[in-house]
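Chemist: Let me give you the structure first, and then I'll get to my questions.
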Amino acid sequence: MPSSPPSGSDQERRPTKITKMDDSIDVTHATTGTAEIPSYRPDAKTRRYDRQLRLWASAGQRSLESARVLLVGCDATGCQALKNLVLPGISHFTILSPHLTTSQDVATNFFLHPDSVGSPIAEQSVKYLKELNPAVDGSPRVEELSSLLVSEPEFFTSFTLILASNIEPAFELQLADLLWDTSASVGGPDIPLIAIRNSGFIGRVEIQLREHSVVDTHPDTTHTLRLDEPFPSLEEHARSLDLSTMDSMEHSHIPWVVLLVRAASLWKESRGGKLPGTSEEKARFKKSIKEDMMKGDEENYEEALAQAYRVWSKSEVPWEIKQLLEDESVKNISSSSKNLQILLHTLSLFTSIAPHLPPTSPSLPDMHSSTTSYVHLQNLYKKEYQTDLARFKQLLSEVLGNIDLEDGTIPDEEVEGFVKNVGGVGIIKGTPLRASKEGKGLITEQIKEYQYDEYDGSTTCFAMHLALLASEQFFIAHKRWPGAKAQQDMSEDNREVEEILKGILGKKNLEEVDDIFVECIAEVTRGGFGTLPTTAAFLGGVVAQEAIKLVTNQYTPLDNTVIVNLVKSESAKFKF
Amino acid sequence: MPRSSYTKSLLGPELYQKVRKTKILVVGAGGIGCELLKNLVLVGFANIEIIDLDTIDLSNLNRQFLFRKPDISKPKALVAAATARHFNPTSGIDIHARHGNVKDSVNDLEWIKGFGLVMNALDNMDARRHVNKLCQAANVPLIESGTAGYLGQVTPIIKDKTECFDCVVKPAPKSFPVCTIRSTPSEPIHCIVWGKTYLFGKLFGEDDEDMDTEELDKAKAGGENAEEIENLKKEAAAFREVRKNLGGEDGPQRVFHKVFNEDINRLLAMEDMWKKEGRVKPVPLEYEGIMNESFATPPLRQAAAQQPNVNGQAQTNGNGTEKKKGLKDQRELSLKENLELFIDSCKRLSARAIAYPDIPLSFDKDDADTLDFVLATANLRATAYGIANKTRFEVKEMAGNIIPAIATTNAIIAGLIVMQSLNILRQLPSLSSSSSSEASTSAGPAIRSVFLRTDPIKPLGHSIPAKADPECSVCRDVYIPLKVDLARCTLGTFVNDIVKTWLAEAEFEGREEDDEEVVEWTIFEGGRLLADPDFDDNFERTLEDLDVKRGKMLTARDEDGKYRPVHFSICEGDSQASIPYSLPSTPPLIPLLPAKPATREPSEEITILDSMPPATSTSVSEVTPISSNTAVGTKRSAPDDGDVKDATAEEEQTKKKRKVVVVDEDDDFEIL
């Protein structure tokens, strides 16, 4: 399902769908009739990307191929992340760094050559990264981040996504502020920032996103079976079966969906329209199904019993989606709203009309059944889906009219995708990076409630995060990382970081911090905020994976912090 | 600053020393292999051997970053090593790259013993098992790994400390009854398997009449319709005729007529076969009619009209409109287009077969000629049987067992492999002979199995590796390296001198000091019985004469099934020595077999037909639990695990059931 990327320039009236591609991969007609011998082979590009197309499909690939990514700070971790984005084929990347390559850089960063020493590191890394994929454009920018933030802020807002790898904490925040503020204006570009910090075996990834739409979260199930409230044709079909006259073959191949719809319908009929509620009723309901079994091993009946709970789980709009419908951006739409917001608004109207249910999905799970009965059942759902789709489109056209947009502004493909997969969309509202870094916002509560638990790796990860935060404040004060000076000073640095950490905990007067903090500070400063190649490889993978989720608008991205402790192969996610 | 001083100071001098000195074997230079090689080099591993039998394909380039477009068709191992060296020309790193099969006979027990640590970066079960067994026999730690889409896992395997790869039963590849494939297909996959494994082999593969007959006889013995089997035998014989004329101008057309018309007519003549419920009679296809578009396409049987979607990934993960509007290989072909493609791909393949008569062609999903052929034949057959056609994209996935693969997952997994390798090295005895004080007792981070999941709440899960299964017939058996001059050592010498004499000195578990028990042995090589107490016909023949090769194993099993089998691994012997073999100085301890007979022995049998693509709905449901928010990957109860707090018995149960061995792409019958 294609996404609605943020509107690029001011000239565009509203966010468009996808920018036009040079090498159009969705032209399906071009090959037929031209060649004498028909060849249906995909082009070289499709073959190169074959293995990933099977994950995010051509819609995801199109989004990826229009993405422009900026890497600020050119270290091993950042370049590993870029490698993992260049390979699957983003449109463009820029590396921003004023530094010249040192031999230490060459030692940890694969995308440098010993001959690179002395040359601008951004230029050198771009050169080697570009070799990975000729379709990807890359360019270096040899300049200080701090000055560029002041002189040319629009440089940053021209990207789809920005990675900041181990850059100075103060500038990291300035960059985050710039992006947060830019996205504040309605219709402004929403540019996610992925900030990386690593020291030795410890790594952290933070993502700042103001508002991010997910067009396909890839939920485990997208079926809307409507067992509790079957649509008329389904109920009629289920009730029309005459179980007593069936032969055993037929009987053991009735799909479980039909069995349950039938049983529920009979149940309701004899109990004033109510479904089983108490556990006693539920047990009796199951028993009634069991009684219909002809022999003990009918697989379809086994399935029906296992799935019986679905009868008393209500068909309704999923909770997450209900929350979205309440959002201001969905309730009050305008011509500058995103496609997804308009679709959700329409959904809200759709469910306000009886039977107050989300559209029926045409898909069915696999089940034990004869193919004939399965196909028949599937056709019932498909037909219902078509009806719902038509109703939805009718409403959508009215909605679009009300906000002065033409019919067809949202492509059919996108509308159909949405209607089929209503449970699979999402909007994530993020928090500013500054809030979590400065101990405001959600992190405050978590600090208050914090309790170390040696069996719960996430409590160690949380302590690591605080140690990293304290170290960042140390950097802001001293313009260097703790532990990065001479080896002898470690304990002195550590003590100072401990003091800062007491402040973060809101316990300045504390005699001593807990052992866990002492240990975490020691582990973090021991790493000297240098990059271990394996940590870089790992984080590079994680960062690129999140970047792909953000760019393709598929899957739920990280919101907003993950800490990785590779000493123990542990990780934990937090929302600060 | 010296290149590796940062890593050195972070790892500490002792561990870093081990990193520099330990000889590492990397098996596989694909998605994980490339990442792994880079990480190893950057961390400072200086003595690396990498082996892979594959060559580079365009579809590798989206993740196997050591390869560029000009490298296509070159050996993976050699190019990977060359690229890695290029970036590190002066680091004193020795990468020994080999283009070859890890199962080759030169890669014997002695060879694997030369490594301090082995890392699997493989894409198929068969090679994984082979390396696992070698490592168990040689007592070399192994790190096993795999990825599938967004999922991945890393599993350290250490003899006697953890379970081995074969301790956990792997799901059997799906197979289909012969007659379903050959006579009565009802689903697209049946047609694809037929095209890929049957028709392709018949026309272009090695012509193996004996195997074919054997397979059919077996099916007959297994209760399949005898008449049908006889018919299929005739059909196979007729193929030899068609194959001879394949190169001729109208060769492909004759194949078409035979396969899609004559053979189908013959099947139709067997009235009884079509009386069975649910069977739909096929319709013979007509060449002329299809070409001039007068042929009426048989109606889709209701059955297959809308099968539950077998094609997992892109459809479920992407969206349904893909099929209509997606890439050009995601468009369904017309009947005529399929026929044209059939004729054309037949011509291309037969031209290749004529040009290189000694190289039997084999199906490869990335070989466009072979994929075109399977696509066209599968669709033509499906049409004749009223089964829905599939697009090229789908056929490729189903026939090629394609597992989606991306750079990010491989990067993460390769990072974790090296982390685990550091944990293992830390616990190995020190290499420098001077410090025999076993400094390695310093407890480092525990060795763990690590899982990567799509769950954004907790992307990493880990578990303490489980103990070996006491019934495992791979890691619980006894292995003995046997250096032997195969040309001089007779089977009699082996049985009398080695088994009856040397092995009799072994310590047998549970045997009392004064026990006079005499163990009687049966000798096998693979599945072949070479000798038993009443069978000594082969005693005069040399091992070479008996086709016992280096890298193979001679297995001694006691007649009563009381003790563990003893495997003698054949290594290269000294042809000059007076005694044609040499053995370890002390015989081993031979443990008792557990009371219950081990039934988990990996079957050496080849599955008749094919495996299902792992990306289908069936296997997806097996894989998904890893990504769901469940107990998978949390701590696993193990007696020596200090932190078993939240591992309940039930969780243990689920864990065991859900343990999924993720494989990389290409896990079909390719053998690396």
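A note on labels: chains of the structure tokens are A, B, ... as shown, every chain counts residues from 1, and ligands are counted from 1 in their shown order.
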When DSSP is applied to the backbone of this structure, which of region 310-528 of chain B are assigned strand (DSSP E)? Write them out as a short mmCIF file (atom, residue, chain, number, x, y, z; two decimals) with N, CA, C and O atoms, in the first residue's frame.
Modeler:
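Done, and the output landed in part_27.cif:
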```cif
data_model
loop_
_atom_site.label_atom_id
_atom_site.label_comp_id
_atom_site.auth_asym_id
_atom_site.auth_seq_id
_atom_site.Cartn_x
_atom_site.Cartn_y
_atom_site.Cartn_z
N SER B 449 22.10 -18.16 23.13
CA SER B 449 21.44 -18.14 21.82
C SER B 449 20.68 -16.83 21.75
O SER B 449 20.01 -16.46 22.71
N VAL B 450 20.77 -16.16 20.65
CA VAL B 450 20.10 -14.87 20.55
C VAL B 450 19.12 -14.90 19.38
O VAL B 450 19.42 -15.45 18.33
N PHE B 451 17.95 -14.35 19.61
CA PHE B 451 16.93 -14.30 18.58
C PHE B 451 16.65 -12.85 18.22
O PHE B 451 16.60 -12.00 19.09
N LEU B 452 16.47 -12.62 16.97
CA LEU B 452 16.03 -11.29 16.53
C LEU B 452 14.59 -11.42 16.08
O LEU B 452 14.25 -12.28 15.29
N LEU B 460 15.40 -8.02 20.75
CA LEU B 460 16.32 -9.13 20.99
C LEU B 460 15.80 -10.03 22.08
O LEU B 460 15.31 -9.57 23.10
N GLY B 461 15.91 -11.31 21.88
CA GLY B 461 15.61 -12.24 22.95
C GLY B 461 16.78 -13.17 23.05
O GLY B 461 17.49 -13.37 22.08
N HIS B 462 16.99 -13.72 24.21
CA HIS B 462 18.08 -14.70 24.25
C HIS B 462 17.73 -15.82 25.19
O HIS B 462 16.83 -15.74 26.00
N SER B 463 18.46 -16.89 25.07
CA SER B 463 18.22 -18.02 25.95
C SER B 463 19.55 -18.70 26.21
O SER B 463 20.46 -18.63 25.38
N VAL B 478 30.10 -41.57 19.53
CA VAL B 478 31.54 -41.49 19.73
C VAL B 478 32.21 -41.33 18.37
O VAL B 478 31.87 -42.03 17.42
N TYR B 479 33.13 -40.39 18.29
CA TYR B 479 33.85 -40.15 17.03
C TYR B 479 35.34 -40.36 17.23
O TYR B 479 35.91 -39.90 18.22
N ILE B 480 35.95 -41.07 16.30
CA ILE B 480 37.38 -41.31 16.40
C ILE B 480 38.03 -41.01 15.05
O ILE B 480 37.59 -41.52 14.01
N PRO B 481 39.02 -40.15 15.05
CA PRO B 481 39.72 -39.89 13.78
C PRO B 481 40.56 -41.10 13.41
O PRO B 481 41.28 -41.63 14.25
N LEU B 482 40.43 -41.53 12.20
CA LEU B 482 41.20 -42.69 11.75
C LEU B 482 42.01 -42.27 10.53
O LEU B 482 41.47 -42.08 9.45
N LYS B 483 43.33 -42.11 10.76
CA LYS B 483 44.19 -41.80 9.62
C LYS B 483 44.53 -43.12 8.97
O LYS B 483 45.11 -43.99 9.60
N VAL B 484 44.17 -43.24 7.72
CA VAL B 484 44.32 -44.56 7.13
C VAL B 484 44.70 -44.46 5.65
O VAL B 484 44.25 -43.58 4.93
N GLU B 507 36.87 -48.06 27.40
CA GLU B 507 36.11 -48.14 28.65
C GLU B 507 34.63 -48.10 28.30
O GLU B 507 34.16 -47.16 27.65
N PHE B 508 33.90 -49.14 28.68
CA PHE B 508 32.47 -49.19 28.37
C PHE B 508 31.68 -48.77 29.59
O PHE B 508 31.88 -49.30 30.68
N TRP B 521 30.27 -56.43 16.87
CA TRP B 521 30.05 -55.20 16.12
C TRP B 521 29.59 -55.44 14.70
O TRP B 521 29.99 -56.39 14.05
N THR B 522 28.77 -54.52 14.22
CA THR B 522 28.39 -54.48 12.82
C THR B 522 28.99 -53.21 12.24
O THR B 522 28.99 -52.17 12.90
N ILE B 523 29.50 -53.33 11.02
CA ILE B 523 30.19 -52.17 10.44
C ILE B 523 29.38 -51.60 9.26
O ILE B 523 29.02 -52.34 8.33
N PHE B 524 29.14 -50.31 9.35
CA PHE B 524 28.42 -49.61 8.28
C PHE B 524 29.28 -48.50 7.70
O PHE B 524 30.15 -47.95 8.39
N GLU B 525 29.01 -48.20 6.45
CA GLU B 525 29.49 -46.92 5.90
C GLU B 525 28.25 -46.24 5.37
O GLU B 525 27.64 -46.74 4.42
N ARG B 528 25.35 -48.32 4.13
CA ARG B 528 25.78 -49.63 3.62
C ARG B 528 26.30 -50.52 4.74
O ARG B 528 27.14 -50.10 5.54
#
```
Chemist: Can you list, as number ranges by chain, every residue of region 239-442 of chain A that DSSP puts in alpha helix (DSSP H)?
Modeler: A: 239-240, 248-251, 256-270, 279-292, 299-307, 319-325, 328-331, 339-352, 371-402, 412-420, 433-437
Chemist: Which is closest to Lys69 (chain B) among A:Leu259, A:Ala67, A:Val150, A:Ala135, if we use only C-alpha atoms?
Modeler: A:Ala135
Chemist: Identify which of the residues A:Gly89, A:Pro482, A:Gly426, A:Gly78 lies closest to chain B, counting only C-alpha atoms when measuring atom-to-atom distances.
Modeler: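 For chain B, the nearest of the candidates is A:Gly89.
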Chemist: Would you pick out the contacts of Ala536 (chain A) at 8 Å or less, using only C-alpha atoms, so that residues sharing its chain but fewer than 5 positions from it are not included, and give the list as a list of chain:residue names?
Modeler: A:Ala76, A:Thr77, A:Gly78, A:Gln80, A:Thr531, B:Gly415
Chemist: Which of these, A:Ile202, A:Val513, A:Leu193, A:Leu149, has the shortest distance to Leu532 (chain A) once you count only C-alpha atoms?
Modeler: A:Ile202
Chemist: Give me the residues within 10 Å of region 50-60 of chain B as JSON, numbers by chain, counting only C-alpha atoms and dropping any in the same chain fewer than 4 places off.
Modeler: {"A": [44, 45, 46, 47, 48, 49, 50, 51, 52], "B": [24, 25, 26, 27, 28, 29, 30, 31, 33, 37, 64, 65, 67, 68, 69, 70, 71, 72, 73, 74, 75, 76, 77, 78, 79, 80, 81, 95, 96, 97, 98, 99, 100, 101, 102, 119, 121, 122, 366, 367, 405, 406, 670, 671, 672]}
Chemist: From the options A:Ala170, A:Ile500, A:Val543, A:Val551, which residue's atoms come nearest to chain B, counting only C-alpha atoms?
Modeler: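 Ranked by minimum distance to chain B, first place goes to A:Val543.
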Chemist: Taking a cut-off of 12 Å and counting only C-alpha atoms, can you build a table that, for each residue of region 166-200 of chain B near region 248-271 of chain B, reports the nearest atom pair and how far apart they are in Å (one decimal), sorted by chain then residue number, as CSV?
Modeler:
```
residue,atom,partner,partner_atom,distance
B:Cys179,CA,B:Leu267,CA,11.3
B:Arg182,CA,B:Leu267,CA,10.0
B:Ser183,CA,B:Leu267,CA,7.1
B:Thr184,CA,B:Leu267,CA,9.2
B:Pro185,CA,B:Ile264,CA,11.9
B:Trp194,CA,B:Val259,CA,11.6
B:Gly195,CA,B:Val259,CA,10.9
B:Tyr198,CA,B:Val259,CA,11.6
B:Leu199,CA,B:Val259,CA,8.8
B:Phe200,CA,B:Val255,CA,11.6
```
Chemist: Taking only C-alpha atoms into account, which of A:Pro318, A:Gly401, A:Pro365, A:Gly277 comes nearest chain B?
Modeler: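 Of A:Pro318, A:Gly401, A:Pro365, A:Gly277, the one nearest chain B, counting only C-alpha atoms, is A:Pro365.
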Chemist: Just how far from CA of His212 (chain A) is CA of Ile428 (chain A), in Å to one decimal?
Modeler: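 Value for the CA of Ile428 (chain A)-CA of His212 (chain A) distance: 5.0 Å.
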